[in-house]
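Asks: Structure file query-v7.csv (CSV, N, CA and C atoms) is given on the next line.
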chain,number,residue,atom,x,y,z
Y,1,MET,N,28.6,-1.1,-9.0
Y,1,MET,CA,27.6,-1.5,-10.0
Y,1,MET,C,27.1,-0.4,-10.8
Y,2,THR,N,26.8,0.8,-10.1
Y,2,THR,CA,26.2,1.9,-10.9
Y,2,THR,C,27.1,2.4,-11.9
Y,3,ALA,N,28.4,2.2,-11.8
Y,3,ALA,CA,29.4,2.7,-12.8
Y,3,ALA,C,29.2,2.0,-14.1
Y,4,SER,N,28.7,0.7,-14.1
Y,4,SER,CA,28.6,0.0,-15.3
Y,4,SER,C,27.3,0.2,-16.0
Y,5,LEU,N,26.4,0.9,-15.4
Y,5,LEU,CA,25.1,1.2,-16.0
Y,5,LEU,C,25.2,2.2,-17.1
Y,6,SER,N,24.5,2.0,-18.2
Y,6,SER,CA,24.5,3.0,-19.3
Y,6,SER,C,23.6,4.2,-18.8
Y,7,ALA,N,23.7,5.2,-19.6
Y,7,ALA,CA,22.9,6.4,-19.3
Y,7,ALA,C,21.4,6.1,-19.4
Y,8,PHE,N,21.0,5.3,-20.4
Y,8,PHE,CA,19.6,4.9,-20.6
Y,8,PHE,C,19.1,4.1,-19.4
Y,9,GLN,N,19.9,3.1,-18.9
Y,9,GLN,CA,19.5,2.4,-17.7
Y,9,GLN,C,19.3,3.2,-16.5
Y,10,ARG,N,20.3,4.2,-16.3
Y,10,ARG,CA,20.1,5.1,-15.1
Y,10,ARG,C,18.8,5.9,-15.2
Y,11,LYS,N,18.6,6.4,-16.4
Y,11,LYS,CA,17.3,7.2,-16.6
Y,11,LYS,C,16.1,6.3,-16.4
Y,12,ARG,N,16.2,5.1,-16.8
Y,12,ARG,CA,15.0,4.2,-16.7
Y,12,ARG,C,14.8,3.9,-15.2
Y,13,TYR,N,15.9,3.6,-14.4
Y,13,TYR,CA,15.7,3.4,-13.0
Y,13,TYR,C,15.2,4.6,-12.2
Y,14,ILE,N,15.7,5.8,-12.6
Y,14,ILE,CA,15.2,7.0,-12.0
Y,14,ILE,C,13.7,7.2,-12.3
Y,15,LEU,N,13.3,7.0,-13.6
Y,15,LEU,CA,11.9,7.1,-14.0
Y,15,LEU,C,11.0,6.1,-13.2
Y,16,THR,N,11.5,4.9,-13.0
Y,16,THR,CA,10.8,3.9,-12.3
Y,16,THR,C,10.6,4.3,-10.8
Y,17,ALA,N,11.6,4.9,-10.2
Y,17,ALA,CA,11.5,5.4,-8.9
Y,17,ALA,C,10.5,6.5,-8.8
Y,18,ILE,N,10.5,7.4,-9.7
Y,18,ILE,CA,9.6,8.6,-9.7
Y,18,ILE,C,8.2,8.1,-9.9
Y,19,ILE,N,7.9,7.1,-10.8
Y,19,ILE,CA,6.6,6.6,-11.0
Y,19,ILE,C,6.1,5.9,-9.7
Y,20,GLY,N,7.0,5.1,-9.1
Y,20,GLY,CA,6.6,4.5,-7.8
Y,20,GLY,C,6.2,5.5,-6.8
Y,21,ASN,N,6.9,6.5,-6.6
Y,21,ASN,CA,6.6,7.5,-5.6
Y,21,ASN,C,5.3,8.3,-6.0
Y,22,VAL,N,5.1,8.6,-7.2
Y,22,VAL,CA,3.8,9.2,-7.6
Y,22,VAL,C,2.6,8.3,-7.3
Y,23,VAL,N,2.7,7.1,-7.6
Y,23,VAL,CA,1.6,6.1,-7.3
Y,23,VAL,C,1.4,6.1,-5.8
Y,24,GLU,N,2.5,6.0,-5.0
Y,24,GLU,CA,2.4,6.0,-3.6
Y,24,GLU,C,1.6,7.2,-3.1
Y,25,TYR,N,2.0,8.4,-3.5
Y,25,TYR,CA,1.3,9.6,-3.0
Y,25,TYR,C,-0.1,9.7,-3.6
Y,26,TYR,N,-0.3,9.2,-4.8
Y,26,TYR,CA,-1.7,9.1,-5.3
Y,26,TYR,C,-2.6,8.3,-4.4
Y,27,ASP,N,-2.1,7.2,-3.9
Y,27,ASP,CA,-2.8,6.3,-3.0
Y,27,ASP,C,-3.1,7.1,-1.7
Y,28,LEU,N,-2.2,7.8,-1.2
Y,28,LEU,CA,-2.4,8.6,0.0
Y,28,LEU,C,-3.5,9.6,-0.2
Y,29,VAL,N,-3.4,10.3,-1.3
Y,29,VAL,CA,-4.3,11.4,-1.6
Y,29,VAL,C,-5.7,10.8,-1.8
Y,30,ILE,N,-5.8,9.8,-2.5
Y,30,ILE,CA,-7.2,9.2,-2.8
Y,30,ILE,C,-7.8,8.7,-1.5
Y,31,TYR,N,-7.1,8.0,-0.7
Y,31,TYR,CA,-7.6,7.5,0.5
Y,31,TYR,C,-8.1,8.6,1.4
Y,32,SER,N,-7.2,9.7,1.5
Y,32,SER,CA,-7.6,10.8,2.3
Y,32,SER,C,-8.9,11.5,1.8
Y,33,TYR,N,-8.9,11.7,0.5
Y,33,TYR,CA,-10.0,12.4,-0.2
Y,33,TYR,C,-11.4,11.6,0.1
Y,34,PHE,N,-11.3,10.3,0.0
Y,34,PHE,CA,-12.5,9.5,0.2
Y,34,PHE,C,-12.7,8.9,1.6
Y,35,SER,N,-11.9,9.4,2.5
Y,35,SER,CA,-12.0,8.9,3.9
Y,35,SER,C,-13.4,9.1,4.5
Y,36,ALA,N,-14.1,10.1,4.2
Y,36,ALA,CA,-15.5,10.3,4.7
Y,36,ALA,C,-16.4,9.3,4.1
Y,37,PHE,N,-16.3,9.0,2.8
Y,37,PHE,CA,-17.1,8.0,2.2
Y,37,PHE,C,-16.8,6.6,2.7
Y,38,ILE,N,-15.5,6.4,2.9
Y,38,ILE,CA,-15.1,5.1,3.4
Y,38,ILE,C,-15.6,4.9,4.8
Y,39,ALA,N,-15.6,6.0,5.6
Y,39,ALA,CA,-16.1,5.9,7.0
Y,39,ALA,C,-17.6,5.6,7.0
Y,40,ARG,N,-18.4,6.2,6.2
Y,40,ARG,CA,-19.8,6.0,6.1
Y,40,ARG,C,-20.1,4.6,5.6
Y,41,THR,N,-19.3,4.1,4.7
Y,41,THR,CA,-19.6,2.8,4.0
Y,41,THR,C,-19.2,1.6,4.9
Y,42,PHE,N,-18.1,1.7,5.5
Y,42,PHE,CA,-17.5,0.5,6.1
Y,42,PHE,C,-17.5,0.5,7.6
Y,43,PHE,N,-17.9,1.5,8.3
Y,43,PHE,CA,-17.9,1.5,9.7
Y,43,PHE,C,-19.3,1.8,10.3
Y,44,PRO,N,-19.6,1.4,11.5
Y,44,PRO,CA,-21.0,1.4,12.0
Y,44,PRO,C,-21.6,2.9,12.0
Y,45,ALA,N,-22.8,3.0,11.6
Y,45,ALA,CA,-23.5,4.3,11.4
Y,45,ALA,C,-23.8,5.0,12.8
Y,46,ASP,N,-23.9,4.2,13.8
Y,46,ASP,CA,-24.2,4.8,15.1
Y,46,ASP,C,-23.0,5.5,15.8
Y,47,LEU,N,-21.9,5.4,15.1
Y,47,LEU,CA,-20.7,6.0,15.7
Y,47,LEU,C,-20.2,7.2,14.7
Y,48,ARG,N,-21.0,8.2,14.6
Y,48,ARG,CA,-20.7,9.3,13.6
Y,48,ARG,C,-19.3,9.8,13.7
Y,49,PHE,N,-18.9,10.3,14.8
Y,49,PHE,CA,-17.5,10.8,14.9
Y,49,PHE,C,-16.5,9.7,14.8
Y,50,SER,N,-16.8,8.6,15.4
Y,50,SER,CA,-15.9,7.5,15.4
Y,50,SER,C,-15.7,6.9,14.0
Y,51,GLN,N,-16.7,7.0,13.2
Y,51,GLN,CA,-16.5,6.5,11.8
Y,51,GLN,C,-15.3,7.1,11.1
Y,52,ILE,N,-15.2,8.4,11.1
Y,52,ILE,CA,-14.0,9.1,10.5
Y,52,ILE,C,-12.8,8.8,11.2
Y,53,ALA,N,-12.8,8.7,12.6
Y,53,ALA,CA,-11.6,8.3,13.3
Y,53,ALA,C,-11.2,6.9,13.0
Y,54,LEU,N,-12.1,6.0,12.9
Y,54,LEU,CA,-11.7,4.6,12.5
Y,54,LEU,C,-11.1,4.5,11.1
Y,55,ALA,N,-11.7,5.3,10.2
Y,55,ALA,CA,-11.2,5.3,8.8
Y,55,ALA,C,-9.8,5.9,8.8
Y,56,LEU,N,-9.5,6.9,9.5
Y,56,LEU,CA,-8.2,7.5,9.6
Y,56,LEU,C,-7.2,6.6,10.3
Y,57,ALA,N,-7.7,5.9,11.3
Y,57,ALA,CA,-6.8,5.0,12.1
Y,57,ALA,C,-6.4,3.8,11.1
Y,58,THR,N,-7.3,3.4,10.3
Y,58,THR,CA,-7.0,2.4,9.3
Y,58,THR,C,-5.9,2.9,8.4
Y,59,PHE,N,-6.0,4.1,8.0
Y,59,PHE,CA,-5.0,4.8,7.2
Y,59,PHE,C,-3.7,4.8,7.9
Y,60,GLY,N,-3.7,5.1,9.2
Y,60,GLY,CA,-2.5,5.1,10.0
Y,60,GLY,C,-1.8,3.7,10.1
Y,61,LEU,N,-2.7,2.7,10.3
Y,61,LEU,CA,-2.1,1.4,10.4
Y,61,LEU,C,-1.3,1.0,9.2
Y,62,SER,N,-1.8,1.4,8.0
Y,62,SER,CA,-1.0,1.0,6.8
Y,62,SER,C,0.3,1.7,6.8
Y,63,LEU,N,0.5,2.9,7.4
Y,63,LEU,CA,1.8,3.5,7.5
Y,63,LEU,C,2.7,2.7,8.5
Y,64,LEU,N,2.1,2.2,9.6
Y,64,LEU,CA,2.9,1.4,10.5
Y,64,LEU,C,3.3,0.1,10.0
Y,65,ALA,N,2.6,-0.4,9.0
Y,65,ALA,CA,3.0,-1.7,8.4
Y,65,ALA,C,4.2,-1.6,7.5
Y,66,ARG,N,4.5,-0.4,7.0
Y,66,ARG,CA,5.6,-0.2,6.1
Y,66,ARG,C,6.9,-0.7,6.6
Y,67,PRO,N,7.4,-0.3,7.8
Y,67,PRO,CA,8.7,-0.8,8.3
Y,67,PRO,C,8.7,-2.3,8.4
Y,68,VAL,N,7.6,-2.9,8.8
Y,68,VAL,CA,7.5,-4.3,9.0
Y,68,VAL,C,7.7,-5.0,7.6
Y,69,GLY,N,7.0,-4.4,6.6
Y,69,GLY,CA,7.2,-4.9,5.2
Y,69,GLY,C,8.6,-4.8,4.7
Y,70,ALA,N,9.2,-3.6,5.0
Y,70,ALA,CA,10.6,-3.4,4.6
Y,70,ALA,C,11.5,-4.5,5.2
Y,71,TYR,N,11.3,-4.8,6.5
Y,71,TYR,CA,12.1,-5.8,7.1
Y,71,TYR,C,11.9,-7.2,6.5
Y,72,VAL,N,10.7,-7.6,6.4
Y,72,VAL,CA,10.4,-8.9,6.0
Y,72,VAL,C,10.6,-9.1,4.5
Y,73,LEU,N,10.0,-8.2,3.7
Y,73,LEU,CA,10.2,-8.4,2.2
Y,73,LEU,C,11.5,-7.9,1.7
Y,74,GLY,N,12.2,-7.0,2.4
Y,74,GLY,CA,13.5,-6.6,2.1
Y,74,GLY,C,14.5,-7.8,2.3
Y,75,GLY,N,14.3,-8.5,3.4
Y,75,GLY,CA,15.1,-9.7,3.7
Y,75,GLY,C,14.9,-10.8,2.6
Y,76,TYR,N,13.6,-10.9,2.2
Y,76,TYR,CA,13.3,-11.9,1.2
Y,76,TYR,C,14.0,-11.5,-0.1
Y,77,ALA,N,13.9,-10.2,-0.5
Y,77,ALA,CA,14.5,-9.8,-1.7
Y,77,ALA,C,16.0,-9.9,-1.7
Y,78,ASP,N,16.6,-9.8,-0.5
Y,78,ASP,CA,18.1,-10.0,-0.3
Y,78,ASP,C,18.4,-11.4,-0.6
Y,79,ARG,N,17.6,-12.4,-0.1
Y,79,ARG,CA,17.9,-13.8,-0.3
Y,79,ARG,C,17.6,-14.3,-1.7
Y,80,LYS,N,16.4,-13.9,-2.2
Y,80,LYS,CA,15.9,-14.5,-3.5
Y,80,LYS,C,16.2,-13.6,-4.7
Y,81,GLY,N,16.5,-12.3,-4.5
Y,81,GLY,CA,16.7,-11.4,-5.6
Y,81,GLY,C,15.6,-10.3,-5.7
Y,82,ARG,N,15.9,-9.3,-6.3
Y,82,ARG,CA,15.0,-8.1,-6.4
Y,82,ARG,C,13.8,-8.4,-7.2
Y,83,LEU,N,13.9,-9.1,-8.3
Y,83,LEU,CA,12.7,-9.4,-9.1
Y,83,LEU,C,11.7,-10.2,-8.4
Y,84,PRO,N,12.1,-11.3,-7.7
Y,84,PRO,CA,11.1,-12.1,-6.9
Y,84,PRO,C,10.5,-11.2,-5.8
Y,85,GLY,N,11.3,-10.4,-5.2
Y,85,GLY,CA,10.8,-9.6,-4.1
Y,85,GLY,C,9.8,-8.6,-4.6
Y,86,LEU,N,10.1,-7.9,-5.8
Y,86,LEU,CA,9.2,-7.0,-6.3
Y,86,LEU,C,7.9,-7.7,-6.8
Y,87,THR,N,8.0,-8.9,-7.3
Y,87,THR,CA,6.8,-9.7,-7.7
Y,87,THR,C,5.9,-9.9,-6.5
Y,88,VAL,N,6.5,-10.3,-5.4
Y,88,VAL,CA,5.7,-10.5,-4.2
Y,88,VAL,C,5.0,-9.2,-3.7
Y,89,CYS,N,5.8,-8.1,-3.8
Y,89,CYS,CA,5.2,-6.8,-3.4
Y,89,CYS,C,4.1,-6.4,-4.3
Y,90,MET,N,4.2,-6.6,-5.6
Y,90,MET,CA,3.1,-6.3,-6.5
Y,90,MET,C,1.9,-7.1,-6.3
Y,91,ALA,N,2.1,-8.4,-6.0
Y,91,ALA,CA,1.0,-9.3,-5.8
Y,91,ALA,C,0.2,-9.0,-4.5
Y,92,LEU,N,1.0,-8.6,-3.5
Y,92,LEU,CA,0.3,-8.2,-2.2
Y,92,LEU,C,-0.4,-6.9,-2.4
Y,93,MET,N,0.2,-6.0,-3.1
Y,93,MET,CA,-0.5,-4.7,-3.3
Y,93,MET,C,-1.8,-4.9,-4.1
Y,94,ALA,N,-1.7,-5.7,-5.2
Y,94,ALA,CA,-2.9,-5.9,-6.0
Y,94,ALA,C,-4.0,-6.6,-5.2
Y,95,THR,N,-3.6,-7.6,-4.3
Y,95,THR,CA,-4.6,-8.3,-3.5
Y,95,THR,C,-5.2,-7.4,-2.5
Y,96,GLY,N,-4.4,-6.5,-1.8
Y,96,GLY,CA,-5.0,-5.6,-0.9
Y,96,GLY,C,-5.9,-4.6,-1.6
Y,97,SER,N,-5.5,-4.1,-2.7
Y,97,SER,CA,-6.3,-3.1,-3.5
Y,97,SER,C,-7.6,-3.8,-3.9
Y,98,ALA,N,-7.6,-5.0,-4.4
Y,98,ALA,CA,-8.8,-5.7,-4.8
Y,98,ALA,C,-9.7,-6.0,-3.6
Y,99,LEU,N,-9.1,-6.3,-2.5
Y,99,LEU,CA,-9.9,-6.5,-1.3
Y,99,LEU,C,-10.7,-5.3,-0.9
Y,100,ILE,N,-10.0,-4.1,-1.0
Y,100,ILE,CA,-10.7,-2.9,-0.7
Y,100,ILE,C,-11.7,-2.5,-1.7
Y,101,ALA,N,-11.4,-2.7,-3.0
Y,101,ALA,CA,-12.3,-2.3,-4.1
Y,101,ALA,C,-13.5,-3.1,-4.1
Y,102,PHE,N,-13.5,-4.4,-3.8
Y,102,PHE,CA,-14.6,-5.3,-3.9
Y,102,PHE,C,-15.3,-5.6,-2.6
Y,103,CYS,N,-14.9,-5.0,-1.5
Y,103,CYS,CA,-15.5,-5.3,-0.2
Y,103,CYS,C,-16.9,-4.6,-0.1
Y,104,PRO,N,-17.9,-5.5,0.2
Y,104,PRO,CA,-19.2,-4.9,0.5
Y,104,PRO,C,-19.2,-4.0,1.7
Y,105,GLY,N,-20.1,-3.1,1.9
Y,105,GLY,CA,-20.2,-2.2,3.0
Y,105,GLY,C,-20.6,-2.9,4.3
Y,106,TYR,N,-20.7,-2.0,5.3
Y,106,TYR,CA,-21.1,-2.5,6.7
Y,106,TYR,C,-22.5,-3.0,6.7
Y,107,ALA,N,-23.3,-2.4,5.8
Y,107,ALA,CA,-24.7,-2.9,5.8
Y,107,ALA,C,-24.9,-4.3,5.3
Y,108,VAL,N,-23.9,-4.8,4.5
Y,108,VAL,CA,-24.0,-6.1,4.0
Y,108,VAL,C,-23.2,-7.1,4.9
Y,109,LEU,N,-22.0,-6.8,5.3
Y,109,LEU,CA,-21.1,-7.7,6.0
Y,109,LEU,C,-21.1,-7.5,7.5
Y,110,GLY,N,-21.6,-6.4,8.0
Y,110,GLY,CA,-21.5,-6.1,9.4
Y,110,GLY,C,-20.1,-5.8,9.8
Y,111,SER,N,-19.7,-6.3,11.0
Y,111,SER,CA,-18.4,-6.0,11.5
Y,111,SER,C,-17.2,-6.6,10.7
Y,112,PHE,N,-17.5,-7.5,9.8
Y,112,PHE,CA,-16.5,-8.1,8.9
Y,112,PHE,C,-16.0,-7.1,7.9
Y,113,ALA,N,-16.8,-6.2,7.5
Y,113,ALA,CA,-16.4,-5.2,6.4
Y,113,ALA,C,-15.2,-4.3,6.9
Y,114,PRO,N,-15.3,-3.7,8.1
Y,114,PRO,CA,-14.1,-2.9,8.5
Y,114,PRO,C,-12.9,-3.8,8.7
Y,115,ARG,N,-13.0,-5.0,9.1
Y,115,ARG,CA,-11.9,-5.9,9.2
Y,115,ARG,C,-11.2,-6.2,7.8
Y,116,LEU,N,-12.0,-6.3,6.8
Y,116,LEU,CA,-11.5,-6.5,5.5
Y,116,LEU,C,-10.8,-5.3,5.0
Y,117,ILE,N,-11.3,-4.1,5.3
Y,117,ILE,CA,-10.7,-2.9,4.9
Y,117,ILE,C,-9.3,-2.7,5.6
Y,118,VAL,N,-9.3,-3.0,6.9
Y,118,VAL,CA,-8.1,-2.9,7.6
Y,118,VAL,C,-7.0,-3.9,7.1
Y,119,LEU,N,-7.5,-5.1,6.8
Y,119,LEU,CA,-6.6,-6.1,6.2
Y,119,LEU,C,-6.0,-5.7,4.9
Y,120,GLY,N,-6.9,-5.1,4.0
Y,120,GLY,CA,-6.4,-4.6,2.7
Y,120,GLY,C,-5.4,-3.5,2.9
Y,121,ARG,N,-5.7,-2.6,3.8
Y,121,ARG,CA,-4.7,-1.4,4.0
Y,121,ARG,C,-3.4,-2.0,4.6
Y,122,LEU,N,-3.5,-2.9,5.5
Y,122,LEU,CA,-2.3,-3.5,6.0
Y,122,LEU,C,-1.4,-4.2,4.9
Y,123,MET,N,-2.1,-4.9,4.1
Y,123,MET,CA,-1.4,-5.6,3.0
Y,123,MET,C,-0.8,-4.5,2.0
Y,124,GLN,N,-1.5,-3.4,1.8
Y,124,GLN,CA,-0.9,-2.4,1.0
Y,124,GLN,C,0.3,-1.7,1.6
Y,125,GLY,N,0.2,-1.4,2.9
Y,125,GLY,CA,1.3,-0.8,3.6
Y,125,GLY,C,2.5,-1.8,3.7
Y,126,PHE,N,2.3,-3.0,4.0
Y,126,PHE,CA,3.3,-4.0,4.1
Y,126,PHE,C,4.0,-4.2,2.7
Y,127,SER,N,3.3,-4.3,1.7
Y,127,SER,CA,3.9,-4.4,0.3
Y,127,SER,C,4.6,-3.2,-0.1
Y,128,LEU,N,4.1,-2.0,0.2
Y,128,LEU,CA,4.8,-0.8,-0.1
Y,128,LEU,C,6.1,-0.6,0.6
Y,129,GLY,N,6.1,-1.0,1.9
Y,129,GLY,CA,7.4,-1.0,2.6
Y,129,GLY,C,8.4,-1.9,2.1
Y,130,GLY,N,8.0,-3.1,1.6
Y,130,GLY,CA,8.9,-4.0,1.0
Y,130,GLY,C,9.4,-3.6,-0.3
Y,131,GLY,N,8.6,-2.9,-1.1
Y,131,GLY,CA,9.0,-2.5,-2.4
Y,131,GLY,C,9.8,-1.3,-2.5
Y,132,VAL,N,9.5,-0.3,-1.6
Y,132,VAL,CA,10.2,1.0,-1.6
Y,132,VAL,C,11.3,1.0,-0.6
Y,133,TRP,N,11.0,0.6,0.6
Y,133,TRP,CA,12.0,0.7,1.7
Y,133,TRP,C,13.0,-0.5,1.8
Y,134,GLY,N,12.5,-1.7,1.5
Y,134,GLY,CA,13.2,-2.9,1.7
Y,134,GLY,C,14.2,-3.2,0.6
Y,135,GLY,N,14.1,-2.6,-0.5
Y,135,GLY,CA,15.0,-3.0,-1.6
Y,135,GLY,C,15.6,-1.8,-2.3
Y,136,ASP,N,16.5,-2.0,-3.1
Y,136,ASP,CA,17.1,-1.0,-3.9
Y,136,ASP,C,16.3,-0.7,-5.2
Y,137,ILE,N,16.6,0.4,-5.8
Y,137,ILE,CA,16.0,0.6,-7.2
Y,137,ILE,C,16.8,-0.2,-8.2
Y,138,LEU,N,18.1,-0.4,-7.9
Y,138,LEU,CA,18.9,-1.0,-8.9
Y,138,LEU,C,18.8,-2.5,-8.8
Y,139,PRO,N,18.9,-3.3,-9.9
Y,139,PRO,CA,18.8,-4.7,-9.9
Y,139,PRO,C,20.0,-5.4,-9.2
Y,140,ASP,N,19.8,-6.7,-9.0
Y,140,ASP,CA,21.0,-7.5,-8.5
Y,140,ASP,C,22.2,-7.4,-9.3
Before we go any further, please render this structure as structure tokens.
Replies:
Amino acid sequence: MTASLSAFQRKRYILTAIIGNVVEYYDLVIYSYFSAFIARTFFPADLRFSQIALALATFGLSLLARPVGAYVLGGYADRKGRLPGLTVCMALMATGSALIAFCPGYAVLGSFAPRLIVLGRLMQGFSLGGGVWGGDILPD
């Protein structure tokens, strides 16, 4: 299939892959940079050291969700096509990001706030695994 692609299409697919990887690493850097703020905002204040540990564990959980997303969403993309698979991945990523962005802190929601943050990060990791690991760059 790649032999039938024009030079423009190949460059476009390569650029798309580069942009996807840049966004992925941007997400990693931003979460790492703000992990102290995330810890203070979404985890109990009486656990000073544990706050940062819980924030970083949440970060780690999103990495563990990637292979699961690759398996589930990659299989979905194999059955339904790459475009529907990518659409599901993008919707899950947007939902997880919105969940994190609009989640009130621990002072407002109590123990429900860290659960929402974990759920949002799991959704992000799951969708990233399906979009990057579970499918090809090239279309059907």
Asks: If we count only N, CA and C atoms, what is near Y:Leu86 at a cut-off of 8 Å, once residues fewer than 2 positions away on the same chain are taken out, given as JSON, numbers by chain?
Replies: {"Y": [73, 76, 77, 81, 82, 83, 84, 88, 89, 90, 91, 92, 130, 131]}
Asks: Save the residues we just selected, N, CA and C atoms, as a compact mmCIF listing (two decimals), in the frame of the given file?
Replies:
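out_33.txt was written with the following content:
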# COMPACT_ATOMS: atom_id res chain seq x y z
N LEU Y 73 10.00 -8.20 3.70
CA LEU Y 73 10.20 -8.40 2.20
C LEU Y 73 11.50 -7.90 1.70
N TYR Y 76 13.60 -10.90 2.20
CA TYR Y 76 13.30 -11.90 1.20
C TYR Y 76 14.00 -11.50 -0.10
N ALA Y 77 13.90 -10.20 -0.50
CA ALA Y 77 14.50 -9.80 -1.70
C ALA Y 77 16.00 -9.90 -1.70
N GLY Y 81 16.50 -12.30 -4.50
CA GLY Y 81 16.70 -11.40 -5.60
C GLY Y 81 15.60 -10.30 -5.70
N ARG Y 82 15.90 -9.30 -6.30
CA ARG Y 82 15.00 -8.10 -6.40
C ARG Y 82 13.80 -8.40 -7.20
N LEU Y 83 13.90 -9.10 -8.30
CA LEU Y 83 12.70 -9.40 -9.10
C LEU Y 83 11.70 -10.20 -8.40
N PRO Y 84 12.10 -11.30 -7.70
CA PRO Y 84 11.10 -12.10 -6.90
C PRO Y 84 10.50 -11.20 -5.80
N VAL Y 88 6.50 -10.30 -5.40
CA VAL Y 88 5.70 -10.50 -4.20
C VAL Y 88 5.00 -9.20 -3.70
N CYS Y 89 5.80 -8.10 -3.80
CA CYS Y 89 5.20 -6.80 -3.40
C CYS Y 89 4.10 -6.40 -4.30
N MET Y 90 4.20 -6.60 -5.60
CA MET Y 90 3.10 -6.30 -6.50
C MET Y 90 1.90 -7.10 -6.30
N ALA Y 91 2.10 -8.40 -6.00
CA ALA Y 91 1.00 -9.30 -5.80
C ALA Y 91 0.20 -9.00 -4.50
N LEU Y 92 1.00 -8.60 -3.50
CA LEU Y 92 0.30 -8.20 -2.20
C LEU Y 92 -0.40 -6.90 -2.40
N GLY Y 130 8.00 -3.10 1.60
CA GLY Y 130 8.90 -4.00 1.00
C GLY Y 130 9.40 -3.60 -0.30
N GLY Y 131 8.60 -2.90 -1.10
CA GLY Y 131 9.00 -2.50 -2.40
C GLY Y 131 9.80 -1.30 -2.50
Asks: Mind giving me the straight-line distance from atom N of Y:Thr58 to atom N of Y:Val108 in Å, one decimal?
Replies: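 Computing the Euclidean distance for atom N of Y:Thr58 and atom N of Y:Val108 yields 19.4 Å.
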Asks: Please identify all polymer residues within 7 Å of Y:Ile100, counting all atoms listed in the file, omitting same-chain residues fewer than 2 positions from it, and present them as a list in words.
Replies: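 Contacts, with the query itself left out: Thr95, Gly96, Ser97, Ala98, Phe102, Cys103, Leu116, Ile117, Gly120 and Arg121 of chain Y.
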Asks: Do you know which residues are at most 8 Å from Y:Arg66 counting only C-alpha atoms, after dropping those on the same chain fewer than 5 positions away, and could you put them as a VMD selection string?
Replies: chain Y and resid 125 to 130 133
Asks: Between atom C of Y:Ile52 and atom C of Y:Ile38, what is the distance, to one decimal in Å?
Replies: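 Those two atoms sit 8.0 Å apart.
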Asks: Pick from Y:Ile14, Y:Ala55, Y:Leu119, Y:Val72: nearest to Y:Ser35, with all atoms listed in the file counted?
Replies: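 Checking each of Y:Ile14, Y:Ala55, Y:Leu119, Y:Val72 against Y:Ser35, counting all atoms listed in the file, the winner is Y:Ala55.
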Asks: Do you have the atom N of Y:Gly105-atom CA of Y:Tyr26 distance handy?
Replies: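 Going from atom N of Y:Gly105 over to atom CA of Y:Tyr26, I get 23.2 Å.
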Asks: Hey, what's within 6.5 Å of Y:Thr41 if we count all atoms listed in the file and toss same-chain stuff fewer than 6 positions away? As a PyMOL selection string, please?
Replies: chain Y and resi 104-107
Asks: Considering only helix (DSSP H, G or I) as DSSP defines it on the backbone, what residues of chain Y qualify? List them as a ChimeraX atom specification.
Replies: /Y:2-4,7-33,35-42,48-80,82-101,106-109,112-133
Asks: For Y:Leu109, which residue out of Y:Ser32, Y:Ser6, Y:Tyr71, Y:Phe43 is the nearest one, using only C-alpha atoms?
Replies: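 Closest residue, counting only C-alpha atoms: Y:Phe43.
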